[in-house]
Number of protein chains: 2
Amino acid sequence: MKLTRRDFSRLGAMAAVAGALPPGVQARNAREGRKLRWCIVGLGRISMGQFMPGVKLSKTGALTALVSGHREKAQRQAALYGVRPSSIYSYENFDEIRRNPDIDAVYIALPNSMHAEYTIRAARAGKHVLCEKPMATSLADCRRMIAACREAHVKLMIAYRCQYHPSHLKAIELIRTGAVGRVQAIESAFGFDIRPGEWRLNRKMAGGGPLVDVGIYCLNAARYLTGESPRDLEGYASVIDHDGRFTEVEENDGWTMRFPSGIVASCNTSYGAQMNGFFRVHGSKGWISMDGFNYSGMHLTAELASGETLDIPDPVRAPGQFTAEADYFAGCVWNDREPKTDGEEGLRDMTAIAQIYESAGLRLGV
Amino acid sequence: MKLTRRDFSRLGAMAAVAGALPPGVQARNAREGRKLRWCIVGLGRISMGQFMPGVKLSKTGALTALVSGHREKAQRQAALYGVRPSSIYSYENFDEIRRNPDIDAVYIALPNSMHAEYTIRAARAGKHVLCEKPMATSLADCRRMIAACREAHVKLMIAYRCQYHPSHLKAIELIRTGAVGRVQAIESAFGFDIRPGEWRLNRKMAGGGPLVDVGIYCLNAARYLTGESPRDLEGYASVIDHDGRFTEVEENDGWTMRFPSGIVASCNTSYGAQMNGFFRVHGSKGWISMDGFNYSGMHLTAELASGETLDIPDPVRAPGQFTAEADYFAGCVWNDREPKTDGEEGLRDMTAIAQIYESAGLRLGV
């Protein structure tokens, strides 16, 4: 079936249900005009292009502070979003956010190697933390982040936006309700042709190549689709393009996994090819396919055991994925509920990535 | 671009070029009404449903003999194809084909474990051999088949039909000419939900599960698309459905490979899910996708470095893939040319399969 606009709305409603805000709390906060007040840490493409516009569209969030190494850029963004100049921080005076009562939470969108430090500093400043994936560049850092947030009694969520997208939630629901029988196998891939000079190519800043950056979507999808963590993992890495880009991190990774139930999943990722993200789930009685892991354009198709076919264009327009993420996090904070993509969830992916790298003769981090 | 009927004809012509019959030889044989005379060994679905109708459509082939354990079935097929009753053989008197001058070649479509014996007996009877994949159920058997055909000075070809299909040849050509840049990664999968009781579920007859039967398409595709053999292979196998079907062979395999150039390929196969065959090739400047490894319906799409997109429905109608295969083999025989999918090609796949099984804690054969 082709979904109508009405169906889209239902999917939207599903997404809201999947968020953490019980209707009562949502209504009460809306009535009180209460907002989760965000401090954005790092003004890069994802912050300025997605998360900040996403929060602006959100009913639960407000942008109240910015952290950047570029004062002028921060001032321009502050003006755009009505952030007070006194709430613009640099990385040097970051810890002063502790004394800013207009900040409830930070959104960390820094190079991977800085996630741990700024998560821990934010926690010590008493702020909740939404941190971009990959969680960190070492398992030790992941554990330190979890411990710091626990000690400070602040929430820690890793920004796995697909887990808050209605089409991915629909895929999970189809699997859990047996709509495609028992899952046997999954394929997934995601990659892009990286530009020279990106910090992602610097091992110290990135901690690894495409696997930590985009391959992590395939890994995470295999985990939320199966509801399991892989028991066995083996992978290979390679560099094909000796054009100066891949002197520190790998260009390609291919890996295969077996889950405790017996489900096998085989994945690829690349910094040397424009790989439209996808997954395919093969069940004993049907299949589910998702095309696209991007900010928009995720396309879900399926053939179910019932004989029904699904063809669901993306019901979410960019930056709606980030609005959903911010809303969900606000609900976790207000209801004192652990986010489903908490630090442990981030650590599980990083543990798997470390194992894949090890099997490929590489390592996570420096 | 959507291809027109005229484009289809061009693709057909490409396939003919890719076949082994130089126009001169083709014309001479056609003039002389010369045919390669086939003896069909094993009257199962692929013989009766595909290969025999395929030969009937072919200009190069004629069906002149049958081998079957079921005399009545053989008599019905003989009547259908005008085969003389004296050219119907059983497995017991198979060696008498040696004295039948109306047989040039045999097509072996028996359970996998019988490929070696009947290839060797056919070779000793002085007949050329086209043997279905997988070549055999052990590497030793593959080597014995190659040696027997070499000693008898007969051709041995493994029936990798995709390598004679114009859309697969087009994909190979696109890669070789750099139309998608340098290949970085490949995904492929193929599987089906097997019925209980099939000989394919019997380890002694099959030599393995879905990997030897349908996963071999993914492996072979990764090899002909890259033009390389994998240097590294790792895989996992599993049984999820404990319904009595998988007591001897595995239900699922997932595996990943690295080729000498650095290309990574990750694949799945299953006997527990209807997995429409596919491959996706990710190049540095474009991609190629094939949907379907079946007897018909192979659909090629691509986005090239030039910006051009391709959308090529299957130009071949069943049983045309088998006609192409039979025509190609006739050309090899008449021109004394080694088939590109010769015994060594079959052995390369079986070697890789044995390695995947070993890494998965299984083994090829009994």
# chains A, B, ... in the order shown; residues from 1 in each chain; ligands from 1
$ select_by_dssp --residues "stretch 202-236 of chain A" --states "alpha helix (DSSP H)" --output "MDAnalysis selection string"
chainID A and resid 203:206 210 216:226
$ residues_around --residues "A:Met135" --least-positions-apart "4" --cutoff "8 Å" --atoms "only C-alpha atoms" --output "number ranges by chain"
A: 112, 115-116, 131, 142, 158, 343, 346-347, 350
$ write_last_selection --atoms "N, CA and C atoms" --output "tab-separated table (two decimals), in the first residue's frame"
chain	number	residue	atom	x	y	z
A	112	ASN	N	34.65	13.42	17.47
A	112	ASN	CA	34.43	12.27	18.36
A	112	ASN	C	35.32	12.25	19.59
A	115	HIS	N	34.05	14.09	22.68
A	115	HIS	CA	32.77	13.75	23.31
A	115	HIS	C	32.92	13.46	24.80
A	116	ALA	N	33.94	12.68	25.13
A	116	ALA	CA	34.09	12.26	26.53
A	116	ALA	C	34.36	13.48	27.42
A	131	CYS	N	24.60	13.44	23.51
A	131	CYS	CA	25.90	13.41	22.83
A	131	CYS	C	25.77	12.72	21.49
A	142	CYS	N	33.96	5.84	27.17
A	142	CYS	CA	32.51	5.58	27.29
A	142	CYS	C	32.16	5.31	28.75
A	158	ILE	N	22.72	9.06	23.86
A	158	ILE	CA	23.50	9.12	22.62
A	158	ILE	C	22.51	9.35	21.47
A	343	GLY	N	23.92	5.74	27.71
A	343	GLY	CA	25.35	5.50	27.59
A	343	GLY	C	25.68	4.03	27.39
A	346	GLY	N	25.29	3.25	23.80
A	346	GLY	CA	26.45	3.74	23.05
A	346	GLY	C	27.66	2.84	23.24
A	347	LEU	N	27.87	2.43	24.48
A	347	LEU	CA	29.01	1.56	24.80
A	347	LEU	C	28.90	0.21	24.09
A	350	MET	N	30.14	0.71	20.64
A	350	MET	CA	31.59	0.93	20.61
A	350	MET	C	32.34	-0.37	20.93
$ interface_residues --of "chain B" --to "chain A" --cutoff "10 Å" --atoms "only C-alpha atoms" --output "short mmCIF file (atom, residue, chain, number, x, y, z; two decimals) with C-alpha atoms, in the first residue's frame"
data_model
loop_
_atom_site.label_atom_id
_atom_site.label_comp_id
_atom_site.auth_asym_id
_atom_site.auth_seq_id
_atom_site.Cartn_x
_atom_site.Cartn_y
_atom_site.Cartn_z
CA VAL B 180 31.57 3.86 -11.67
CA GLY B 181 35.13 4.69 -10.65
CA ARG B 182 37.04 2.29 -8.48
CA VAL B 183 34.90 -0.36 -6.77
CA GLN B 184 35.07 -0.13 -2.97
CA ALA B 185 32.43 -2.50 -1.65
CA ILE B 186 29.80 -5.01 -2.70
CA GLU B 187 26.74 -6.41 -0.94
CA SER B 188 24.93 -9.48 -2.18
CA ALA B 189 22.36 -11.95 -0.91
CA GLY B 191 18.11 -17.36 -0.56
CA PHE B 192 14.76 -19.08 -0.41
CA ASP B 193 12.48 -20.77 2.06
CA ASP B 232 40.37 -13.21 3.12
CA LEU B 233 37.05 -14.77 4.05
CA GLU B 234 35.16 -15.09 7.32
CA GLY B 235 31.66 -16.30 7.88
CA TYR B 236 29.03 -17.50 10.29
CA ALA B 237 26.35 -20.13 9.94
CA SER B 238 23.22 -20.69 11.98
CA VAL B 239 20.01 -22.65 12.37
CA ILE B 240 17.04 -20.65 13.65
CA ASP B 241 14.11 -22.84 12.61
CA GLU B 251 19.90 -22.60 7.51
CA ASN B 252 21.75 -19.28 7.18
CA ASP B 253 25.20 -18.05 6.30
CA GLY B 254 26.62 -14.56 6.55
CA TRP B 255 30.12 -13.87 5.36
CA THR B 256 32.50 -11.09 4.49
CA MET B 257 35.47 -11.05 2.13
CA ARG B 258 38.40 -8.86 1.23
CA PHE B 259 39.85 -8.95 -2.26
CA PRO B 260 43.51 -8.26 -3.11
CA SER B 261 42.61 -4.76 -4.40
CA GLY B 262 41.00 -3.95 -1.04
CA ILE B 263 37.39 -4.31 -2.20
CA VAL B 264 35.22 -5.64 0.63
CA ALA B 265 32.14 -7.76 0.00
CA SER B 266 29.55 -8.81 2.56
CA CYS B 267 26.93 -11.41 1.78
CA ASN B 268 24.09 -13.46 3.21
CA THR B 269 22.29 -16.59 2.11
CA SER B 270 19.40 -18.50 3.61
CA TYR B 271 17.19 -21.56 3.28
CA GLY B 272 14.83 -19.99 5.80
CA ALA B 273 13.76 -16.81 4.02
CA GLN B 274 12.66 -15.81 0.55
CA MET B 275 15.62 -13.56 -0.27
CA ASN B 276 15.35 -12.00 -3.67
CA ARG B 280 25.07 -3.72 -5.10
CA VAL B 281 28.42 -2.44 -6.27
CA HIS B 282 29.66 0.80 -4.72
CA GLY B 283 32.24 2.59 -6.82
CA SER B 284 34.09 5.80 -6.06
CA LYS B 285 32.08 7.53 -8.80
CA GLY B 286 28.81 5.64 -8.98
CA TRP B 287 26.99 2.44 -8.21
#
$ atom_distance --atom1 "atom CA of A:Leu36" --atom2 "atom CA of A:Gly54"
13.2 Å
$ residues_around --residues "B:Ser87" --least-positions-apart "3" --cutoff "9 Å" --atoms "only C-alpha atoms" --output "list in words"
Cys39, Thr64, Ala65, Leu66, Val67, Ala78, Val83, Arg84, Ile97, Asn100 and Asp102 of chain B
$ decode --residues "stretch 279-325 of chain A" --atoms "N, CA and C atoms" --output "PDB file, in the first residue's frame"
ATOM      1  N   PHE A 279      18.955  -0.885   4.901  1.00  0.00           N
ATOM      2  CA  PHE A 279      18.974  -2.221   5.482  1.00  0.00           C
ATOM      3  C   PHE A 279      17.898  -3.057   4.838  1.00  0.00           C
ATOM      4  N   ARG A 280      18.149  -4.367   4.799  1.00  0.00           N
ATOM      5  CA  ARG A 280      17.148  -5.331   4.369  1.00  0.00           C
ATOM      6  C   ARG A 280      17.058  -6.408   5.427  1.00  0.00           C
ATOM      7  N   VAL A 281      15.847  -6.668   5.862  1.00  0.00           N
ATOM      8  CA  VAL A 281      15.611  -7.703   6.859  1.00  0.00           C
ATOM      9  C   VAL A 281      14.873  -8.846   6.169  1.00  0.00           C
ATOM     10  N   HIS A 282      15.442 -10.039   6.248  1.00  0.00           N
ATOM     11  CA  HIS A 282      14.814 -11.206   5.634  1.00  0.00           C
ATOM     12  C   HIS A 282      14.198 -12.068   6.718  1.00  0.00           C
ATOM     13  N   GLY A 283      12.879 -12.139   6.746  1.00  0.00           N
ATOM     14  CA  GLY A 283      12.194 -12.994   7.698  1.00  0.00           C
ATOM     15  C   GLY A 283      11.715 -14.265   7.029  1.00  0.00           C
ATOM     16  N   SER A 284      11.309 -15.225   7.862  1.00  0.00           N
ATOM     17  CA  SER A 284      10.844 -16.497   7.310  1.00  0.00           C
ATOM     18  C   SER A 284       9.533 -16.324   6.546  1.00  0.00           C
ATOM     19  N   LYS A 285       8.828 -15.214   6.792  1.00  0.00           N
ATOM     20  CA  LYS A 285       7.521 -15.023   6.142  1.00  0.00           C
ATOM     21  C   LYS A 285       7.389 -13.661   5.469  1.00  0.00           C
ATOM     22  N   GLY A 286       8.482 -12.982   5.226  1.00  0.00           N
ATOM     23  CA  GLY A 286       8.401 -11.683   4.583  1.00  0.00           C
ATOM     24  C   GLY A 286       9.706 -10.930   4.727  1.00  0.00           C
ATOM     25  N   TRP A 287       9.710  -9.708   4.247  1.00  0.00           N
ATOM     26  CA  TRP A 287      10.941  -8.919   4.329  1.00  0.00           C
ATOM     27  C   TRP A 287      10.591  -7.454   4.583  1.00  0.00           C
ATOM     28  N   ILE A 288      11.594  -6.726   5.069  1.00  0.00           N
ATOM     29  CA  ILE A 288      11.473  -5.289   5.322  1.00  0.00           C
ATOM     30  C   ILE A 288      12.712  -4.624   4.753  1.00  0.00           C
ATOM     31  N   SER A 289      12.525  -3.530   4.068  1.00  0.00           N
ATOM     32  CA  SER A 289      13.662  -2.830   3.477  1.00  0.00           C
ATOM     33  C   SER A 289      13.569  -1.341   3.802  1.00  0.00           C
ATOM     34  N   MET A 290      14.672  -0.770   4.212  1.00  0.00           N
ATOM     35  CA  MET A 290      14.740   0.679   4.454  1.00  0.00           C
ATOM     36  C   MET A 290      15.802   1.239   3.532  1.00  0.00           C
ATOM     37  N   ASP A 291      15.434   2.232   2.756  1.00  0.00           N
ATOM     38  CA  ASP A 291      16.426   2.906   1.925  1.00  0.00           C
ATOM     39  C   ASP A 291      16.655   4.289   2.469  1.00  0.00           C
ATOM     40  N   GLY A 292      17.864   4.525   2.922  1.00  0.00           N
ATOM     41  CA  GLY A 292      18.209   5.856   3.410  1.00  0.00           C
ATOM     42  C   GLY A 292      18.362   5.907   4.907  1.00  0.00           C
ATOM     43  N   PHE A 293      19.522   6.388   5.350  1.00  0.00           N
ATOM     44  CA  PHE A 293      19.753   6.653   6.776  1.00  0.00           C
ATOM     45  C   PHE A 293      19.947   8.161   6.968  1.00  0.00           C
ATOM     46  N   ASN A 294      19.540   8.939   5.969  1.00  0.00           N
ATOM     47  CA  ASN A 294      19.867  10.360   5.987  1.00  0.00           C
ATOM     48  C   ASN A 294      18.859  11.185   6.780  1.00  0.00           C
ATOM     49  N   TYR A 295      19.052  12.480   6.768  1.00  0.00           N
ATOM     50  CA  TYR A 295      18.187  13.387   7.529  1.00  0.00           C
ATOM     51  C   TYR A 295      16.768  13.425   6.971  1.00  0.00           C
ATOM     52  N   SER A 296      16.628  13.004   5.717  1.00  0.00           N
ATOM     53  CA  SER A 296      15.292  12.899   5.133  1.00  0.00           C
ATOM     54  C   SER A 296      15.352  11.852   4.031  1.00  0.00           C
ATOM     55  N   GLY A 297      14.191  11.444   3.577  1.00  0.00           N
ATOM     56  CA  GLY A 297      14.135  10.513   2.448  1.00  0.00           C
ATOM     57  C   GLY A 297      14.205   9.049   2.822  1.00  0.00           C
ATOM     58  N   MET A 298      14.022   8.718   4.098  1.00  0.00           N
ATOM     59  CA  MET A 298      14.012   7.302   4.490  1.00  0.00           C
ATOM     60  C   MET A 298      12.752   6.639   3.937  1.00  0.00           C
ATOM     61  N   HIS A 299      12.948   5.569   3.220  1.00  0.00           N
ATOM     62  CA  HIS A 299      11.845   4.932   2.498  1.00  0.00           C
ATOM     63  C   HIS A 299      11.717   3.481   2.951  1.00  0.00           C
ATOM     64  N   LEU A 300      10.581   3.182   3.539  1.00  0.00           N
ATOM     65  CA  LEU A 300      10.338   1.839   4.080  1.00  0.00           C
ATOM     66  C   LEU A 300       9.444   1.054   3.133  1.00  0.00           C
ATOM     67  N   THR A 301       9.890  -0.140   2.754  1.00  0.00           N
ATOM     68  CA  THR A 301       9.029  -1.045   1.997  1.00  0.00           C
ATOM     69  C   THR A 301       9.055  -2.394   2.693  1.00  0.00           C
ATOM     70  N   ALA A 302       8.013  -3.152   2.517  1.00  0.00           N
ATOM     71  CA  ALA A 302       7.951  -4.457   3.187  1.00  0.00           C
ATOM     72  C   ALA A 302       6.934  -5.339   2.509  1.00  0.00           C
ATOM     73  N   GLU A 303       7.135  -6.628   2.677  1.00  0.00           N
ATOM     74  CA  GLU A 303       6.136  -7.610   2.270  1.00  0.00           C
ATOM     75  C   GLU A 303       5.925  -8.488   3.488  1.00  0.00           C
ATOM     76  N   LEU A 304       4.687  -8.522   3.959  1.00  0.00           N
ATOM     77  CA  LEU A 304       4.408  -9.164   5.240  1.00  0.00           C
ATOM     78  C   LEU A 304       3.864 -10.577   5.060  1.00  0.00           C
ATOM     79  N   ALA A 305       3.874 -11.317   6.153  1.00  0.00           N
ATOM     80  CA  ALA A 305       3.337 -12.674   6.150  1.00  0.00           C
ATOM     81  C   ALA A 305       1.874 -12.678   5.722  1.00  0.00           C
ATOM     82  N   SER A 306       1.185 -11.601   6.039  1.00  0.00           N
ATOM     83  CA  SER A 306      -0.235 -11.490   5.698  1.00  0.00           C
ATOM     84  C   SER A 306      -0.472 -11.338   4.202  1.00  0.00           C
ATOM     85  N   GLY A 307       0.596 -11.084   3.461  1.00  0.00           N
ATOM     86  CA  GLY A 307       0.452 -10.817   2.035  1.00  0.00           C
ATOM     87  C   GLY A 307       0.437  -9.322   1.742  1.00  0.00           C
ATOM     88  N   GLU A 308       0.197  -8.528   2.789  1.00  0.00           N
ATOM     89  CA  GLU A 308       0.173  -7.072   2.628  1.00  0.00           C
ATOM     90  C   GLU A 308       1.572  -6.566   2.264  1.00  0.00           C
ATOM     91  N   THR A 309       1.611  -5.553   1.397  1.00  0.00           N
ATOM     92  CA  THR A 309       2.889  -4.900   1.122  1.00  0.00           C
ATOM     93  C   THR A 309       2.816  -3.464   1.634  1.00  0.00           C
ATOM     94  N   LEU A 310       3.948  -2.968   2.077  1.00  0.00           N
ATOM     95  CA  LEU A 310       4.030  -1.597   2.567  1.00  0.00           C
ATOM     96  C   LEU A 310       4.964  -0.794   1.673  1.00  0.00           C
ATOM     97  N   ASP A 311       4.637   0.453   1.486  1.00  0.00           N
ATOM     98  CA  ASP A 311       5.492   1.356   0.721  1.00  0.00           C
ATOM     99  C   ASP A 311       5.312   2.731   1.356  1.00  0.00           C
ATOM    100  N   ILE A 312       6.172   3.052   2.294  1.00  0.00           N
ATOM    101  CA  ILE A 312       5.982   4.230   3.153  1.00  0.00           C
ATOM    102  C   ILE A 312       7.085   5.248   2.908  1.00  0.00           C
ATOM    103  N   PRO A 313       6.771   6.323   2.194  1.00  0.00           N
ATOM    104  CA  PRO A 313       7.765   7.394   2.034  1.00  0.00           C
ATOM    105  C   PRO A 313       8.049   8.021   3.396  1.00  0.00           C
ATOM    106  N   ASP A 314       9.113   8.749   3.480  1.00  0.00           N
ATOM    107  CA  ASP A 314       9.517   9.319   4.775  1.00  0.00           C
ATOM    108  C   ASP A 314       8.434  10.265   5.308  1.00  0.00           C
ATOM    109  N   PRO A 315       7.832   9.950   6.459  1.00  0.00           N
ATOM    110  CA  PRO A 315       6.817  10.850   7.012  1.00  0.00           C
ATOM    111  C   PRO A 315       7.422  12.052   7.727  1.00  0.00           C
ATOM    112  N   VAL A 316       8.740  12.077   7.858  1.00  0.00           N
ATOM    113  CA  VAL A 316       9.397  13.145   8.623  1.00  0.00           C
ATOM    114  C   VAL A 316      10.190  14.030   7.664  1.00  0.00           C
ATOM    115  N   ARG A 317       9.964  15.323   7.770  1.00  0.00           N
ATOM    116  CA  ARG A 317      10.730  16.254   6.951  1.00  0.00           C
ATOM    117  C   ARG A 317      11.880  16.791   7.801  1.00  0.00           C
ATOM    118  N   ALA A 318      13.077  16.948   7.205  1.00  0.00           N
ATOM    119  CA  ALA A 318      14.198  17.519   7.961  1.00  0.00           C
ATOM    120  C   ALA A 318      13.806  18.906   8.449  1.00  0.00           C
ATOM    121  N   PRO A 319      14.151  19.305   9.672  1.00  0.00           N
ATOM    122  CA  PRO A 319      14.980  18.606  10.657  1.00  0.00           C
ATOM    123  C   PRO A 319      14.153  17.832  11.694  1.00  0.00           C
ATOM    124  N   GLY A 320      13.027  17.273  11.258  1.00  0.00           N
ATOM    125  CA  GLY A 320      12.093  16.642  12.198  1.00  0.00           C
ATOM    126  C   GLY A 320      12.696  15.523  13.029  1.00  0.00           C
ATOM    127  N   GLN A 321      13.696  14.806  12.464  1.00  0.00           N
ATOM    128  CA  GLN A 321      14.333  13.741  13.234  1.00  0.00           C
ATOM    129  C   GLN A 321      14.975  14.301  14.503  1.00  0.00           C
ATOM    130  N   PHE A 322      15.475  15.530  14.388  1.00  0.00           N
ATOM    131  CA  PHE A 322      16.167  16.131  15.529  1.00  0.00           C
ATOM    132  C   PHE A 322      15.161  16.708  16.526  1.00  0.00           C
ATOM    133  N   THR A 323      14.036  17.165  16.006  1.00  0.00           N
ATOM    134  CA  THR A 323      12.953  17.599  16.887  1.00  0.00           C
ATOM    135  C   THR A 323      12.502  16.409  17.739  1.00  0.00           C
ATOM    136  N   ALA A 324      12.315  15.276  17.092  1.00  0.00           N
ATOM    137  CA  ALA A 324      11.849  14.077  17.806  1.00  0.00           C
ATOM    138  C   ALA A 324      12.855  13.667  18.881  1.00  0.00           C
ATOM    139  N   GLU A 325      14.126  13.748  18.525  1.00  0.00           N
ATOM    140  CA  GLU A 325      15.192  13.388  19.453  1.00  0.00           C
ATOM    141  C   GLU A 325      15.176  14.326  20.670  1.00  0.00           C
TER     142      GLU A 325
END
